[in-house]
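Dropping model14.cif in here (mmCIF, C-alpha atoms):
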data_target
loop_
_atom_site.group_PDB
_atom_site.id
_atom_site.type_symbol
_atom_site.label_atom_id
_atom_site.label_comp_id
_atom_site.auth_asym_id
_atom_site.auth_seq_id
_atom_site.Cartn_x
_atom_site.Cartn_y
_atom_site.Cartn_z
ATOM 1 C CA MET A 1158 -34.927 31.421 -6.055
ATOM 2 C CA SER A 1159 -35.092 27.692 -5.542
ATOM 3 C CA ALA A 1160 -34.740 26.995 -9.241
ATOM 4 C CA GLY A 1161 -31.781 29.350 -9.371
ATOM 5 C CA ARG A 1162 -30.107 27.557 -6.555
ATOM 6 C CA GLU A 1163 -30.775 24.214 -8.220
ATOM 7 C CA ASP A 1164 -29.351 25.534 -11.490
ATOM 8 C CA GLY A 1165 -26.310 26.779 -9.606
ATOM 9 C CA VAL A 1166 -25.798 23.415 -7.979
ATOM 10 C CA LEU A 1167 -26.205 21.680 -11.350
ATOM 11 C CA VAL A 1168 -23.669 23.997 -12.971
ATOM 12 C CA ASP A 1169 -21.317 23.587 -10.036
ATOM 13 C CA HIS A 1170 -21.433 19.783 -10.224
ATOM 14 C CA THR A 1171 -21.031 19.862 -14.010
ATOM 15 C CA THR A 1172 -17.960 22.076 -13.677
ATOM 16 C CA MET A 1173 -16.524 19.824 -10.997
ATOM 17 C CA ALA A 1174 -17.081 16.752 -13.202
ATOM 18 C CA ARG A 1175 -15.298 18.445 -16.092
ATOM 19 C CA GLU A 1176 -12.386 19.476 -13.866
ATOM 20 C CA LYS A 1177 -12.131 15.956 -12.462
ATOM 21 C CA ARG A 1178 -12.135 14.447 -15.962
ATOM 22 C CA ALA A 1179 -9.521 16.965 -17.126
ATOM 23 C CA ARG A 1180 -7.299 16.157 -14.130
ATOM 24 C CA LEU A 1181 -7.657 12.434 -14.848
ATOM 25 C CA ILE A 1182 -6.685 12.880 -18.511
ATOM 26 C CA ARG A 1183 -3.776 15.150 -17.618
ATOM 27 C CA GLY A 1184 -2.533 12.784 -14.913
ATOM 28 C CA THR A 1185 -2.770 9.768 -17.223
ATOM 29 C CA ARG A 1186 -0.889 11.608 -19.953
ATOM 30 C CA ASN A 1187 1.879 12.644 -17.560
ATOM 31 C CA ARG A 1188 2.256 9.109 -16.214
ATOM 32 C CA ILE A 1189 2.472 7.645 -19.711
ATOM 33 C CA PHE A 1190 5.099 10.224 -20.645
ATOM 34 C CA SER A 1191 7.087 9.393 -17.499
ATOM 35 C CA VAL A 1192 7.044 5.656 -18.298
ATOM 36 C CA LEU A 1193 8.063 6.247 -21.919
ATOM 37 C CA ALA A 1194 10.919 8.508 -20.814
ATOM 38 C CA LEU A 1195 12.177 5.810 -18.448
ATOM 39 C CA LEU A 1196 12.004 3.193 -21.211
ATOM 40 C CA VAL A 1197 14.002 5.445 -23.547
ATOM 41 C CA LEU A 1198 16.686 6.022 -20.895
ATOM 42 C CA TRP A 1199 16.746 2.287 -20.176
ATOM 43 C CA GLN A 1200 17.157 1.492 -23.875
ATOM 44 C CA VAL A 1201 19.996 4.016 -24.261
ATOM 45 C CA ALA A 1202 21.799 2.671 -21.170
ATOM 46 C CA SER A 1203 21.406 -0.945 -22.348
ATOM 47 C CA MET A 1204 23.062 -0.079 -25.669
ATOM 48 C CA ALA A 1205 26.221 0.885 -23.786
ATOM 49 C CA MET A 1206 26.328 -2.331 -21.731
ATOM 50 C CA ASP A 1207 26.370 -6.051 -22.309
ATOM 51 C CA SER A 1208 22.958 -7.738 -22.186
ATOM 52 C CA SER A 1209 24.175 -9.944 -19.331
ATOM 53 C CA VAL A 1210 24.574 -6.770 -17.254
ATOM 54 C CA LEU A 1211 21.645 -4.670 -18.451
ATOM 55 C CA PRO A 1212 19.276 -6.245 -20.983
ATOM 56 C CA SER A 1213 17.194 -3.920 -23.113
ATOM 57 C CA PRO A 1214 13.514 -3.248 -22.350
ATOM 58 C CA ILE A 1215 12.565 -5.230 -25.475
ATOM 59 C CA GLN A 1216 14.448 -8.293 -24.197
ATOM 60 C CA VAL A 1217 12.916 -8.014 -20.729
ATOM 61 C CA LEU A 1218 9.383 -7.506 -22.056
ATOM 62 C CA ALA A 1219 9.817 -10.455 -24.429
ATOM 63 C CA GLN A 1220 10.971 -12.644 -21.529
ATOM 64 C CA LEU A 1221 8.088 -11.420 -19.377
ATOM 65 C CA GLY A 1222 5.661 -12.285 -22.157
ATOM 66 C CA GLU A 1223 7.153 -15.769 -22.367
ATOM 67 C CA ASN A 1224 6.937 -16.191 -18.601
ATOM 68 C CA LEU A 1225 3.261 -15.223 -18.663
ATOM 69 C CA THR A 1226 2.525 -18.217 -20.879
ATOM 70 C CA GLU A 1227 3.771 -20.586 -18.163
ATOM 71 C CA PRO A 1228 1.382 -21.692 -15.363
ATOM 72 C CA ASN A 1229 4.245 -21.703 -12.843
ATOM 73 C CA THR A 1230 4.508 -17.909 -13.117
ATOM 74 C CA TYR A 1231 0.957 -17.451 -11.872
ATOM 75 C CA TYR A 1232 1.455 -20.032 -9.134
ATOM 76 C CA GLN A 1233 4.546 -18.290 -7.759
ATOM 77 C CA LEU A 1234 2.829 -14.890 -7.936
ATOM 78 C CA TYR A 1235 -0.277 -16.285 -6.254
ATOM 79 C CA ILE A 1236 1.766 -17.724 -3.378
ATOM 80 C CA THR A 1237 3.465 -14.390 -2.753
ATOM 81 C CA ILE A 1238 0.218 -12.413 -2.980
ATOM 82 C CA MET A 1239 -1.507 -14.698 -0.463
ATOM 83 C CA ARG A 1240 1.384 -14.326 1.972
ATOM 84 C CA VAL A 1241 1.224 -10.561 1.564
ATOM 85 C CA ILE A 1242 -2.558 -10.429 2.064
ATOM 86 C CA LEU A 1243 -2.517 -12.588 5.206
ATOM 87 C CA GLY A 1244 0.494 -10.774 6.640
ATOM 88 C CA MET A 1245 -1.053 -7.386 5.835
ATOM 89 C CA ALA A 1246 -4.303 -8.420 7.517
ATOM 90 C CA LEU A 1247 -2.374 -9.307 10.667
ATOM 91 C CA GLY A 1248 -0.167 -6.205 10.637
ATOM 92 C CA VAL A 1249 -2.814 -3.666 9.615
ATOM 93 C CA THR A 1250 -5.385 -4.889 12.145
ATOM 94 C CA SER A 1251 -2.958 -4.852 15.066
ATOM 95 C CA GLY A 1252 -1.374 -1.587 13.883
ATOM 96 C CA ILE A 1253 -4.695 0.256 13.612
ATOM 97 C CA ILE A 1254 -5.785 -0.945 17.053
ATOM 98 C CA ALA A 1255 -2.471 0.036 18.654
ATOM 99 C CA GLY A 1256 -2.358 3.402 16.873
ATOM 100 C CA VAL A 1257 -5.899 4.376 17.817
ATOM 101 C CA ILE A 1258 -5.320 3.373 21.437
ATOM 102 C CA MET A 1259 -2.126 5.446 21.547
ATOM 103 C CA GLY A 1260 -3.861 8.422 19.972
ATOM 104 C CA LEU A 1261 -6.915 8.393 22.228
ATOM 105 C CA SER A 1262 -5.402 7.354 25.550
ATOM 106 C CA ARG A 1263 -2.423 8.907 27.311
ATOM 107 C CA LEU A 1264 -1.962 5.697 29.293
ATOM 108 C CA GLY A 1265 -2.039 3.687 26.076
ATOM 109 C CA GLU A 1266 0.533 6.000 24.545
ATOM 110 C CA GLU A 1267 2.837 5.703 27.539
ATOM 111 C CA LEU A 1268 2.567 1.907 27.539
ATOM 112 C CA LEU A 1269 2.956 1.320 23.798
ATOM 113 C CA ASP A 1270 4.988 4.120 22.193
ATOM 114 C CA VAL A 1271 8.409 2.763 23.227
ATOM 115 C CA TRP A 1272 7.594 -0.710 21.921
ATOM 116 C CA VAL A 1273 6.137 0.542 18.650
ATOM 117 C CA LEU A 1274 9.125 2.794 17.980
ATOM 118 C CA ALA A 1275 11.536 0.012 18.903
ATOM 119 C CA LEU A 1276 9.826 -2.435 16.534
ATOM 120 C CA PHE A 1277 9.888 0.197 13.797
ATOM 121 C CA THR A 1278 13.683 0.436 13.951
ATOM 122 C CA ILE A 1279 14.228 -3.292 13.365
ATOM 123 C CA PRO A 1280 15.222 -3.984 9.717
ATOM 124 C CA ALA A 1281 12.885 -6.091 7.606
ATOM 125 C CA ILE A 1282 15.554 -8.745 7.046
ATOM 126 C CA VAL A 1283 15.798 -9.306 10.808
ATOM 127 C CA TYR A 1284 12.065 -10.054 11.012
ATOM 128 C CA GLY A 1285 12.511 -12.525 8.190
ATOM 129 C CA MET A 1286 15.468 -14.272 9.807
ATOM 130 C CA LEU A 1287 13.824 -14.471 13.228
ATOM 131 C CA CYS A 1288 10.553 -15.849 11.880
ATOM 132 C CA LEU A 1289 12.359 -18.456 9.791
ATOM 133 C CA LEU A 1290 14.235 -19.584 12.902
ATOM 134 C CA TRP A 1291 11.127 -19.563 15.098
ATOM 135 C CA PHE A 1292 8.491 -20.995 12.751
ATOM 136 C CA GLY A 1293 10.558 -22.940 10.235
ATOM 137 C CA LEU A 1294 10.663 -22.837 6.451
ATOM 138 C CA ASN A 1295 6.943 -22.453 5.846
ATOM 139 C CA ASP A 1296 4.230 -19.931 5.000
ATOM 140 C CA TRP A 1297 3.748 -18.891 8.617
ATOM 141 C CA ALA A 1298 7.277 -17.526 8.760
ATOM 142 C CA ALA A 1299 6.527 -15.175 5.848
ATOM 143 C CA ILE A 1300 3.058 -14.209 7.104
ATOM 144 C CA ILE A 1301 4.162 -13.389 10.651
ATOM 145 C CA ALA A 1302 7.280 -11.584 9.417
ATOM 146 C CA VAL A 1303 5.084 -9.377 7.225
ATOM 147 C CA GLY A 1304 2.657 -8.738 10.068
ATOM 148 C CA ALA A 1305 5.447 -7.878 12.514
ATOM 149 C CA GLY A 1306 7.164 -5.596 10.014
ATOM 150 C CA VAL A 1307 4.012 -3.778 8.923
ATOM 151 C CA MET A 1308 2.429 -3.342 12.368
ATOM 152 C CA PRO A 1309 4.696 -0.578 13.790
ATOM 153 C CA ALA A 1310 4.560 1.489 10.586
ATOM 154 C CA ILE A 1311 0.757 1.315 10.558
ATOM 155 C CA ALA A 1312 0.583 2.066 14.284
ATOM 156 C CA ILE A 1313 2.733 5.189 13.987
ATOM 157 C CA ASN A 1314 0.649 6.487 11.076
ATOM 158 C CA MET A 1315 -2.611 5.877 12.920
ATOM 159 C CA TRP A 1316 -1.192 7.284 16.153
ATOM 160 C CA GLN A 1317 -0.434 10.616 14.500
ATOM 161 C CA GLY A 1318 -3.683 10.538 12.542
ATOM 162 C CA THR A 1319 -5.723 9.984 15.693
ATOM 163 C CA LYS A 1320 -4.047 12.955 17.343
ATOM 164 C CA ALA A 1321 -5.055 15.120 14.367
ATOM 165 C CA ILE A 1322 -8.787 14.358 14.509
ATOM 166 C CA ASP A 1323 -11.354 16.973 15.576
ATOM 167 C CA ARG A 1324 -11.646 16.570 19.345
ATOM 168 C CA ASP A 1325 -14.760 18.760 19.452
ATOM 169 C CA LEU A 1326 -16.685 16.054 17.609
ATOM 170 C CA ILE A 1327 -15.607 13.517 20.206
ATOM 171 C CA HIS A 1328 -16.746 15.790 23.048
ATOM 172 C CA MET A 1329 -20.054 16.342 21.238
ATOM 173 C CA ALA A 1330 -20.566 12.591 20.832
ATOM 174 C CA ARG A 1331 -19.867 12.034 24.508
ATOM 175 C CA SER A 1332 -22.325 14.772 25.455
ATOM 176 C CA PHE A 1333 -24.961 12.840 23.511
ATOM 177 C CA ARG A 1334 -24.038 9.759 25.567
ATOM 178 C CA PHE A 1335 -22.406 7.802 22.769
ATOM 179 C CA SER A 1336 -20.744 4.644 23.990
ATOM 180 C CA ARG A 1337 -16.960 4.345 23.644
ATOM 181 C CA ARG A 1338 -17.467 1.900 20.784
ATOM 182 C CA SER A 1339 -19.807 4.303 18.974
ATOM 183 C CA VAL A 1340 -17.377 7.177 19.418
ATOM 184 C CA ILE A 1341 -14.637 5.128 17.796
ATOM 185 C CA THR A 1342 -16.703 3.667 14.939
ATOM 186 C CA ARG A 1343 -18.849 6.714 14.124
ATOM 187 C CA VAL A 1344 -16.650 9.668 14.976
ATOM 188 C CA VAL A 1345 -13.005 8.624 15.085
ATOM 189 C CA LEU A 1346 -12.690 6.081 12.261
ATOM 190 C CA PRO A 1347 -14.418 8.188 9.554
ATOM 191 C CA GLN A 1348 -11.859 10.943 10.156
ATOM 192 C CA LEU A 1349 -9.068 8.379 10.000
ATOM 193 C CA ILE A 1350 -9.941 7.066 6.534
ATOM 194 C CA PRO A 1351 -7.229 9.143 4.750
ATOM 195 C CA TYR A 1352 -4.655 7.966 7.292
ATOM 196 C CA ILE A 1353 -5.809 4.353 6.978
ATOM 197 C CA LEU A 1354 -5.457 4.503 3.186
ATOM 198 C CA ALA A 1355 -2.005 6.054 3.472
ATOM 199 C CA ALA A 1356 -1.037 3.371 5.983
ATOM 200 C CA LEU A 1357 -2.279 0.657 3.622
ATOM 201 C CA ARG A 1358 -0.098 1.991 0.816
ATOM 202 C CA TYR A 1359 2.932 2.223 3.061
ATOM 203 C CA GLY A 1360 2.277 -1.188 4.563
ATOM 204 C CA LEU A 1361 1.812 -2.757 1.141
ATOM 205 C CA GLY A 1362 5.232 -1.577 0.018
ATOM 206 C CA ILE A 1363 6.858 -2.845 3.206
ATOM 207 C CA SER A 1364 5.069 -6.192 3.077
ATOM 208 C CA TRP A 1365 6.207 -6.958 -0.479
ATOM 209 C CA LYS A 1366 9.802 -6.267 0.514
ATOM 210 C CA ILE A 1367 9.608 -8.417 3.639
ATOM 211 C CA VAL A 1368 7.915 -11.382 1.975
ATOM 212 C CA THR A 1369 10.436 -11.295 -0.862
ATOM 213 C CA VAL A 1370 13.317 -11.358 1.627
ATOM 214 C CA VAL A 1371 11.787 -14.280 3.536
ATOM 215 C CA GLU A 1372 11.169 -16.223 0.317
ATOM 216 C CA LEU A 1373 14.702 -15.502 -0.833
ATOM 217 C CA LEU A 1374 16.270 -16.561 2.471
ATOM 218 C CA GLY A 1375 14.523 -19.812 3.201
ATOM 219 C CA LEU A 1376 11.362 -20.680 1.285
ATOM 220 C CA SER A 1377 10.984 -22.823 -1.808
ATOM 221 C CA SER A 1378 8.193 -20.915 -3.533
ATOM 222 C CA GLY A 1379 7.109 -17.383 -4.314
ATOM 223 C CA VAL A 1380 8.498 -14.458 -6.295
ATOM 224 C CA GLY A 1381 11.462 -14.026 -3.944
ATOM 225 C CA TYR A 1382 12.446 -17.653 -4.342
ATOM 226 C CA THR A 1383 12.161 -17.378 -8.139
ATOM 227 C CA LEU A 1384 14.281 -14.215 -8.195
ATOM 228 C CA ASN A 1385 16.933 -15.986 -6.135
ATOM 229 C CA PHE A 1386 16.800 -18.995 -8.479
ATOM 230 C CA TRP A 1387 17.452 -16.890 -11.581
ATOM 231 C CA PHE A 1388 20.069 -14.838 -9.741
ATOM 232 C CA GLY A 1389 21.893 -18.100 -8.992
ATOM 233 C CA ASN A 1390 21.734 -18.929 -12.696
ATOM 234 C CA PHE A 1391 23.155 -15.489 -13.625
ATOM 235 C CA SER A 1392 20.120 -14.701 -15.795
ATOM 236 C CA MET A 1393 19.772 -10.939 -15.589
ATOM 237 C CA VAL A 1394 16.946 -10.863 -18.114
ATOM 238 C CA GLN A 1395 14.877 -13.233 -15.941
ATOM 239 C CA VAL A 1396 15.686 -11.264 -12.787
ATOM 240 C CA MET A 1397 14.502 -8.060 -14.429
ATOM 241 C CA ALA A 1398 11.457 -9.748 -15.979
ATOM 242 C CA TRP A 1399 10.317 -10.999 -12.563
ATOM 243 C CA THR A 1400 11.092 -7.614 -11.021
ATOM 244 C CA LEU A 1401 8.951 -5.973 -13.684
ATOM 245 C CA LEU A 1402 6.131 -8.442 -13.020
ATOM 246 C CA PHE A 1403 6.461 -7.653 -9.322
ATOM 247 C CA THR A 1404 6.231 -3.911 -10.022
ATOM 248 C CA VAL A 1405 3.301 -4.183 -12.423
ATOM 249 C CA THR A 1406 1.381 -6.236 -9.861
ATOM 250 C CA LEU A 1407 1.846 -3.512 -7.256
ATOM 251 C CA LEU A 1408 0.705 -0.852 -9.730
ATOM 252 C CA ILE A 1409 -2.404 -2.885 -10.567
ATOM 253 C CA ILE A 1410 -3.226 -3.125 -6.859
ATOM 254 C CA GLU A 1411 -2.631 0.610 -6.430
ATOM 255 C CA TYR A 1412 -4.610 1.891 -9.418
ATOM 256 C CA GLY A 1413 -7.101 -0.954 -9.714
ATOM 257 C CA ILE A 1414 -8.020 -1.366 -6.038
ATOM 258 C CA LEU A 1415 -6.682 1.318 -3.689
ATOM 259 C CA LYS A 1416 -7.297 4.348 -5.928
ATOM 260 C CA PRO A 1417 -10.980 3.513 -6.615
ATOM 261 C CA ILE A 1418 -11.541 2.800 -2.918
ATOM 262 C CA GLU A 1419 -9.928 6.107 -1.985
ATOM 263 C CA ALA A 1420 -11.978 7.994 -4.597
ATOM 264 C CA HIS A 1421 -15.180 6.471 -3.230
ATOM 265 C CA LEU A 1422 -14.453 6.987 0.459
ATOM 266 C CA THR A 1423 -13.181 10.562 0.034
ATOM 267 C CA ARG A 1424 -15.608 11.658 -2.684
ATOM 268 C CA TRP A 1425 -16.788 14.478 -0.406
ATOM 269 C CA ARG A 1426 -13.420 16.212 -0.547
ATOM 270 C CA PRO A 1427 -13.788 18.147 -3.848
ATOM 271 C CA VAL A 1428 -17.277 19.307 -2.822
ATOM 272 C CA ALA A 1429 -16.002 20.523 0.528
ATOM 273 C CA GLN A 1430 -13.102 22.374 -1.099
ATOM 274 C CA THR A 1431 -15.376 24.010 -3.679
ATOM 275 C CA GLN A 1432 -17.792 25.195 -1.031
ATOM 276 C CA LYS A 1433 -14.917 26.528 1.037
ATOM 277 C CA GLY A 1434 -13.500 28.382 -1.921
ATOM 278 C CA ALA A 1435 -16.939 29.825 -2.714
#
As C-alpha cells - that is how I would like this structure written.
Amino acid sequence: MSAGREDGVLVDHTTMAREKRARLIRGTRNRIFSVLALLVLWQVASMAMDSSVLPSPIQVLAQLGENLTEPNTYYQLYITIMRVILGMALGVTSGIIAGVIMGLSRLGEELLDVWVLALFTIPAIVYGMLCLLWFGLNDWAAIIAVGAGVMPAIAINMWQGTKAIDRDLIHMARSFRFSRRSVITRVVLPQLIPYILAALRYGLGISWKIVTVVELLGLSSGVGYTLNFWFGNFSMVQVMAWTLLFTVTLLIIEYGILKPIEAHLTRWRPVAQTQKGA
C-alpha cells in the first residue's frame, strides 16, 4: 500500500511537472505571437505616416541598438532605477504597515482609511510638483514623490488582503498564546504574500510613471529627462527608442525578478489545487 501511494505521488508530481512545462511553453508562444502581431501592425501603420510622426519598428530598434552602445544610456537608466527602488522601498514599507493595521484593527481603519483614500485620489503629477517645490531639484524630490504616490495604492491592496485572510488561524494562534508580533509574521503575512506581490507589481508601474514625470518636470538626469530632451529636439525615433528601453526594462524586472519570486513563494498552489480536485 505504501509503495502504491508513493508511486501515485510520483506519477502525480510527474504529471504536474509536465502540465507546468506545457503551460510555460504555451504561454511563451502566445506572448511571442502577441509581440510579433504588434510589430506587424506598427510596421503597417508607419508605412502610412511620415517617419517624423511614426517611425518604423526597424528604425526604432536600430536607434535603440545605437543608444545601447553609449555609456550615457546606462547611466540615465541607472539613475532612474535607483530612484524607483528607493521610492518603492519607502512607499511599499509604509503602505504594507498601514494596510495591515487597517485590516487588523477597527480603530486603525477608522483613523487611516480617510487619509489613505484621499492620498490615492491625488494625481501623480501633483506629487511630483509638490516634492520639487518642497525638496528642490534633486533625487530626494523623485524618491519621496514615488514613495508618496505608491503608499496609498499599496495600503489599499494590503487593507483588502488583510480582511480576506483566514481569521480562524489568527484565533488559533492567539489560543496558543502567540504574541502579536508572531501572529503577524507567522500567520498574517504568509497569507498576504499574493497580495504583496500584486501590490509590488501595481506599485512598480506607478513608481515608473511618477519618477518619469518628476525627471521631466525638474531634474537634469534620468529617463524622463532624456525623453524630454529628445522631445524638445523633435526626434520621434529617439523618444520611441527610449520608451521601448523603458518598457523592456520593466518586462525584465517582471519576468526576471517578480515572476520567479512569485513562483517560489506560491509553489504550493498547484499541489493544493490538485489535491482539492482529487
Legend entry - 10 Å contact set for segment 1271-1277 of chain A, all atoms listed in the file, chain neighbours under 6 positions out, as a PyMOL selection string: chain A and resi 1252+1255-1256+1284+1305-1313
Expansion of the PyMOL selection byres ((chain A and resi 1393) around 9) into residues, as a compact mmCIF listing (two decimals) with C-alpha atoms, in the frame of the given file:
# COMPACT_ATOMS: atom_id res chain seq x y z
CA SER A 1208 22.96 -7.74 -22.19
CA SER A 1209 24.18 -9.94 -19.33
CA VAL A 1210 24.57 -6.77 -17.25
CA LEU A 1211 21.64 -4.67 -18.45
CA PRO A 1212 19.28 -6.24 -20.98
CA TRP A 1387 17.45 -16.89 -11.58
CA PHE A 1388 20.07 -14.84 -9.74
CA ASN A 1390 21.73 -18.93 -12.70
CA PHE A 1391 23.16 -15.49 -13.62
CA SER A 1392 20.12 -14.70 -15.80
CA VAL A 1394 16.95 -10.86 -18.11
CA GLN A 1395 14.88 -13.23 -15.94
CA VAL A 1396 15.69 -11.26 -12.79
CA MET A 1397 14.50 -8.06 -14.43
CA ALA A 1398 11.46 -9.75 -15.98
Legend entry - Of the listed residues A:Pro1214, A:Pro1351, A:Gly1375, A:Gly1184, that which approaches Leu1196 of chain A most closely, counting only C-alpha atoms: A:Pro1214
Inset, instruction - Identify, on the basis of only C-alpha atoms, every residue whose closest approach to Cys1288 of chain A does not exceed 10 Å; exclude the query and any residue fewer than 6 positions from it along the same chain; express the result as a ChimeraX atom specification. - result: /A:1282,1294-1295,1297-1303,1305,1371
Legend entry - Atomic separation - atom CA of Ala1281 of chain A relative to atom CA of Val1368 of chain A, Å: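 A separation of 9.2 Å between them.
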